[in-house]
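> Pasting in a structure now, in C-alpha cells, and then I'll have a few things to ask.
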Amino acid sequence: MDLFDLLFGAGPAITKIMILGFMPKDEDFLELTPQQYKKFYEQEGYTEEKIYALLPKDPDHYVEANFNELNICTESDIATLKRGWQIVENYCKESGLEFTTDEQKLMYAATKLPDVFSKDTPFDISKRGNLSIASYNPEAGDD
C-alpha cells in the first residue's frame, strides 16, 4: 500500500465509507437531472465531470448512514471511494478471515488503520474499547 495514497488520496474516501457504514454500489449513484445540474452549478460552480446523488437502493443504508441531506459525488469522488474500498478489501484479504458484510470489513480495517480514519465514525475504536473483529458479532447487538 502506498502511504501517500492512503493519506492524501484514498484516505479521505476510507473515512467517508466508515461514516456511511457501507460501500455504495454503482446503482446507488444516480446522475443529477438537468435542473439539479443547474442548481449545483449555481451553488458550487461548473465542473466537466458528471455529478451523482448517492441514493442507496437498500433502505437499511439510509438508517445506517443517517441520510439527512443529499450526498453529492463527482465521477472522481466515486473513483476515489472505490480506491479506498480496495484498501479495506486488501486488509481483509490479507487477514485470512472471512467477512460477510461491509460492516465487518470496516470494523476489521478500523483495527488495522491509524485511528484518524475511523475517528468519530461508527467504527471509532477509541469509543468501542478493545473490540476486535473476532469478538464483533452484529447479530448479538454490538453496534
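As shown in the C-alpha cells, the chain order sets the letters A, B, ...; within each chain, residues go from 1, and ligands are also counted from 1 in the order they appear.
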Write out as a list in words which residues come within 8 Å of stretch 95-109 of chain A when counting only C-alpha atoms, dropping same-chain ones fewer than 2 positions away.

Met18, Gly21, Phe22, Met23, Val88, Glu89, Tyr91, Cys92, Lys93, Thr111, Lys112, Leu113, Phe123, Ser132, Ile133 and Tyr136 of chain A

> Kindly export the residues of the current selection with N, CA, C and O atoms, as a PDB file, in the first residue's frame.


```pdb
ATOM      1  N   MET A  18     -16.416   4.841   6.108  1.00  0.00           N
ATOM      2  CA  MET A  18     -16.656   4.494   7.513  1.00  0.00           C
ATOM      3  C   MET A  18     -17.808   5.319   8.088  1.00  0.00           C
ATOM      4  O   MET A  18     -18.573   4.822   8.906  1.00  0.00           O
ATOM      5  N   GLY A  21     -20.840   3.661   6.629  1.00  0.00           N
ATOM      6  CA  GLY A  21     -21.034   2.335   7.211  1.00  0.00           C
ATOM      7  C   GLY A  21     -21.168   1.233   6.177  1.00  0.00           C
ATOM      8  O   GLY A  21     -21.433   0.080   6.507  1.00  0.00           O
ATOM      9  N   PHE A  22     -20.976   1.565   4.914  1.00  0.00           N
ATOM     10  CA  PHE A  22     -21.056   0.590   3.834  1.00  0.00           C
ATOM     11  C   PHE A  22     -20.385   1.185   2.600  1.00  0.00           C
ATOM     12  O   PHE A  22     -20.191   2.398   2.521  1.00  0.00           O
ATOM     13  N   MET A  23     -20.056   0.324   1.646  1.00  0.00           N
ATOM     14  CA  MET A  23     -19.521   0.798   0.375  1.00  0.00           C
ATOM     15  C   MET A  23     -20.664   0.843  -0.619  1.00  0.00           C
ATOM     16  O   MET A  23     -21.264  -0.185  -0.930  1.00  0.00           O
ATOM     17  N   VAL A  88      -9.510  -1.259   2.001  1.00  0.00           N
ATOM     18  CA  VAL A  88     -10.234  -2.022   3.028  1.00  0.00           C
ATOM     19  C   VAL A  88     -10.262  -3.502   2.647  1.00  0.00           C
ATOM     20  O   VAL A  88      -9.966  -4.376   3.468  1.00  0.00           O
ATOM     21  N   GLU A  89     -10.596  -3.793   1.390  1.00  0.00           N
ATOM     22  CA  GLU A  89     -10.649  -5.181   0.914  1.00  0.00           C
ATOM     23  C   GLU A  89      -9.290  -5.857   1.034  1.00  0.00           C
ATOM     24  O   GLU A  89      -9.206  -7.032   1.413  1.00  0.00           O
ATOM     25  N   TYR A  91      -6.857  -5.237   3.202  1.00  0.00           N
ATOM     26  CA  TYR A  91      -6.627  -5.583   4.615  1.00  0.00           C
ATOM     27  C   TYR A  91      -7.390  -6.858   4.972  1.00  0.00           C
ATOM     28  O   TYR A  91      -6.860  -7.742   5.657  1.00  0.00           O
ATOM     29  N   CYS A  92      -8.629  -6.942   4.539  1.00  0.00           N
ATOM     30  CA  CYS A  92      -9.451  -8.112   4.868  1.00  0.00           C
ATOM     31  C   CYS A  92      -8.901  -9.379   4.220  1.00  0.00           C
ATOM     32  O   CYS A  92      -8.849 -10.427   4.859  1.00  0.00           O
ATOM     33  N   LYS A  93      -8.484  -9.267   2.982  1.00  0.00           N
ATOM     34  CA  LYS A  93      -7.930 -10.418   2.269  1.00  0.00           C
ATOM     35  C   LYS A  93      -6.665 -10.915   2.951  1.00  0.00           C
ATOM     36  O   LYS A  93      -6.472 -12.119   3.139  1.00  0.00           O
ATOM     37  N   THR A 111      -9.383  -1.612  12.856  1.00  0.00           N
ATOM     38  CA  THR A 111      -8.404  -2.109  13.822  1.00  0.00           C
ATOM     39  C   THR A 111      -6.990  -2.098  13.247  1.00  0.00           C
ATOM     40  O   THR A 111      -6.023  -2.203  13.996  1.00  0.00           O
ATOM     41  N   LYS A 112      -6.863  -1.978  11.933  1.00  0.00           N
ATOM     42  CA  LYS A 112      -5.558  -2.029  11.273  1.00  0.00           C
ATOM     43  C   LYS A 112      -5.057  -0.663  10.813  1.00  0.00           C
ATOM     44  O   LYS A 112      -3.856  -0.456  10.695  1.00  0.00           O
ATOM     45  N   LEU A 113      -5.978   0.238  10.530  1.00  0.00           N
ATOM     46  CA  LEU A 113      -5.606   1.568  10.039  1.00  0.00           C
ATOM     47  C   LEU A 113      -5.362   2.521  11.203  1.00  0.00           C
ATOM     48  O   LEU A 113      -5.892   2.314  12.297  1.00  0.00           O
ATOM     49  N   PHE A 123     -17.155   3.162  13.566  1.00  0.00           N
ATOM     50  CA  PHE A 123     -16.067   2.199  13.727  1.00  0.00           C
ATOM     51  C   PHE A 123     -14.915   2.763  14.543  1.00  0.00           C
ATOM     52  O   PHE A 123     -13.828   2.205  14.541  1.00  0.00           O
ATOM     53  N   SER A 132     -12.425  -6.327  18.833  1.00  0.00           N
ATOM     54  CA  SER A 132     -11.758  -6.806  17.627  1.00  0.00           C
ATOM     55  C   SER A 132     -12.792  -7.483  16.753  1.00  0.00           C
ATOM     56  O   SER A 132     -13.892  -7.797  17.196  1.00  0.00           O
ATOM     57  N   ILE A 133     -12.449  -7.742  15.525  1.00  0.00           N
ATOM     58  CA  ILE A 133     -13.381  -8.401  14.613  1.00  0.00           C
ATOM     59  C   ILE A 133     -13.729  -9.793  15.114  1.00  0.00           C
ATOM     60  O   ILE A 133     -14.823 -10.278  14.919  1.00  0.00           O
ATOM     61  N   TYR A 136     -16.507  -9.268  17.391  1.00  0.00           N
ATOM     62  CA  TYR A 136     -17.598  -8.473  16.857  1.00  0.00           C
ATOM     63  C   TYR A 136     -18.643  -9.377  16.232  1.00  0.00           C
ATOM     64  O   TYR A 136     -18.351 -10.149  15.336  1.00  0.00           O
TER      65      TYR A 136
END
```

> Quick one: contact table of stretch 69-89 of chain A to stretch 29-48 of chain A, 9 Å max, nearest atom pair and distance in Å to one decimal per residue, counting only C-alpha atoms, chain and number order, as JSON lines?


```
{"residue": "A:Ile72", "atom": "CA", "partner": "A:Phe29", "partner_atom": "CA", "distance": 8.9}
{"residue": "A:Cys73", "atom": "CA", "partner": "A:Phe29", "partner_atom": "CA", "distance": 8.2}
{"residue": "A:Thr74", "atom": "CA", "partner": "A:Thr47", "partner_atom": "CA", "distance": 9.0}
{"residue": "A:Ile78", "atom": "CA", "partner": "A:Phe29", "partner_atom": "CA", "distance": 8.8}
```

> So which one's closest to A:Ser118, A:Thr15, A:Asn71, A:Ser76, A:Gln86? Using only C-alpha atoms, please.

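The answer is A:Thr15, which sits nearest to A:Ser118.
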
> Would you compute the distance between atom CA of A:Asp58 and atom CA of A:Ile125? Give it in Å to one decimal.

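Taking atom CA of A:Asp58 as the start and atom CA of A:Ile125 as the end point, the length is 26.1 Å.
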
> DSSP says helix (DSSP H, G or I) for which residues of stretch 7-87 of chain A? Put them as a PyMOL selection string?

chain A and resi 7-9+11-20+26-28+34-44+59-65+75-87

> With C-alpha atoms retained, could you export that selection as a PDB file, in the first residue's frame?


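That gives us out_19.pdb:
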```
ATOM      1  CA  LEU A   7      -3.040   9.798   3.493  1.00  0.00           C
ATOM      2  CA  PHE A   8      -3.852  12.118   0.612  1.00  0.00           C
ATOM      3  CA  GLY A   9      -5.730  10.079  -1.978  1.00  0.00           C
ATOM      4  CA  GLY A  11      -7.623   8.045   2.929  1.00  0.00           C
ATOM      5  CA  PRO A  12     -10.448  10.603   2.991  1.00  0.00           C
ATOM      6  CA  ALA A  13     -12.537   8.138   0.992  1.00  0.00           C
ATOM      7  CA  ILE A  14     -11.965   5.443   3.627  1.00  0.00           C
ATOM      8  CA  THR A  15     -13.195   7.884   6.267  1.00  0.00           C
ATOM      9  CA  LYS A  16     -16.271   8.683   4.138  1.00  0.00           C
ATOM     10  CA  ILE A  17     -17.020   4.971   3.751  1.00  0.00           C
ATOM     11  CA  MET A  18     -16.656   4.494   7.513  1.00  0.00           C
ATOM     12  CA  ILE A  19     -19.070   7.374   8.094  1.00  0.00           C
ATOM     13  CA  LEU A  20     -21.556   5.784   5.686  1.00  0.00           C
ATOM     14  CA  ASP A  26     -22.700   1.604  -8.686  1.00  0.00           C
ATOM     15  CA  GLU A  27     -26.511   1.508  -8.779  1.00  0.00           C
ATOM     16  CA  ASP A  28     -26.626   3.646  -5.599  1.00  0.00           C
ATOM     17  CA  PRO A  34     -30.708  18.864 -15.817  1.00  0.00           C
ATOM     18  CA  GLN A  35     -32.481  21.005 -13.211  1.00  0.00           C
ATOM     19  CA  GLN A  36     -30.295  19.598 -10.440  1.00  0.00           C
ATOM     20  CA  TYR A  37     -27.157  20.213 -12.518  1.00  0.00           C
ATOM     21  CA  LYS A  38     -28.214  23.840 -12.963  1.00  0.00           C
ATOM     22  CA  LYS A  39     -28.755  24.261  -9.216  1.00  0.00           C
ATOM     23  CA  PHE A  40     -25.439  22.546  -8.466  1.00  0.00           C
ATOM     24  CA  TYR A  41     -23.543  24.827 -10.868  1.00  0.00           C
ATOM     25  CA  GLU A  42     -25.168  27.887  -9.281  1.00  0.00           C
ATOM     26  CA  GLN A  43     -24.124  26.807  -5.794  1.00  0.00           C
ATOM     27  CA  GLU A  44     -20.791  25.058  -6.380  1.00  0.00           C
ATOM     28  CA  PRO A  59     -33.323   1.176   2.683  1.00  0.00           C
ATOM     29  CA  ASP A  60     -31.304  -0.043   5.690  1.00  0.00           C
ATOM     30  CA  HIS A  61     -28.367   2.034   4.471  1.00  0.00           C
ATOM     31  CA  TYR A  62     -30.391   5.207   4.935  1.00  0.00           C
ATOM     32  CA  VAL A  63     -30.682   4.401   8.638  1.00  0.00           C
ATOM     33  CA  GLU A  64     -27.054   3.308   8.998  1.00  0.00           C
ATOM     34  CA  ALA A  65     -25.667   6.395   7.288  1.00  0.00           C
ATOM     35  CA  GLU A  75     -17.068  10.824 -11.085  1.00  0.00           C
ATOM     36  CA  SER A  76     -13.660  11.313  -9.483  1.00  0.00           C
ATOM     37  CA  ASP A  77     -15.192  11.110  -5.979  1.00  0.00           C
ATOM     38  CA  ILE A  78     -16.694   7.740  -6.872  1.00  0.00           C
ATOM     39  CA  ALA A  79     -13.366   6.519  -8.277  1.00  0.00           C
ATOM     40  CA  THR A  80     -11.646   7.603  -5.059  1.00  0.00           C
ATOM     41  CA  LEU A  81     -14.272   5.786  -2.965  1.00  0.00           C
ATOM     42  CA  LYS A  82     -13.513   2.642  -4.962  1.00  0.00           C
ATOM     43  CA  ARG A  83      -9.760   3.067  -4.332  1.00  0.00           C
ATOM     44  CA  GLY A  84     -10.471   3.483  -0.624  1.00  0.00           C
ATOM     45  CA  TRP A  85     -12.661   0.396  -0.601  1.00  0.00           C
ATOM     46  CA  GLN A  86      -9.912  -1.581  -2.327  1.00  0.00           C
ATOM     47  CA  ILE A  87      -7.600  -0.749   0.583  1.00  0.00           C
TER      48      ILE A  87
END
```

> What is the distance between atom CA of A:Pro114 and atom CA of A:Glu94, in Å to one decimal?

17.0 Å
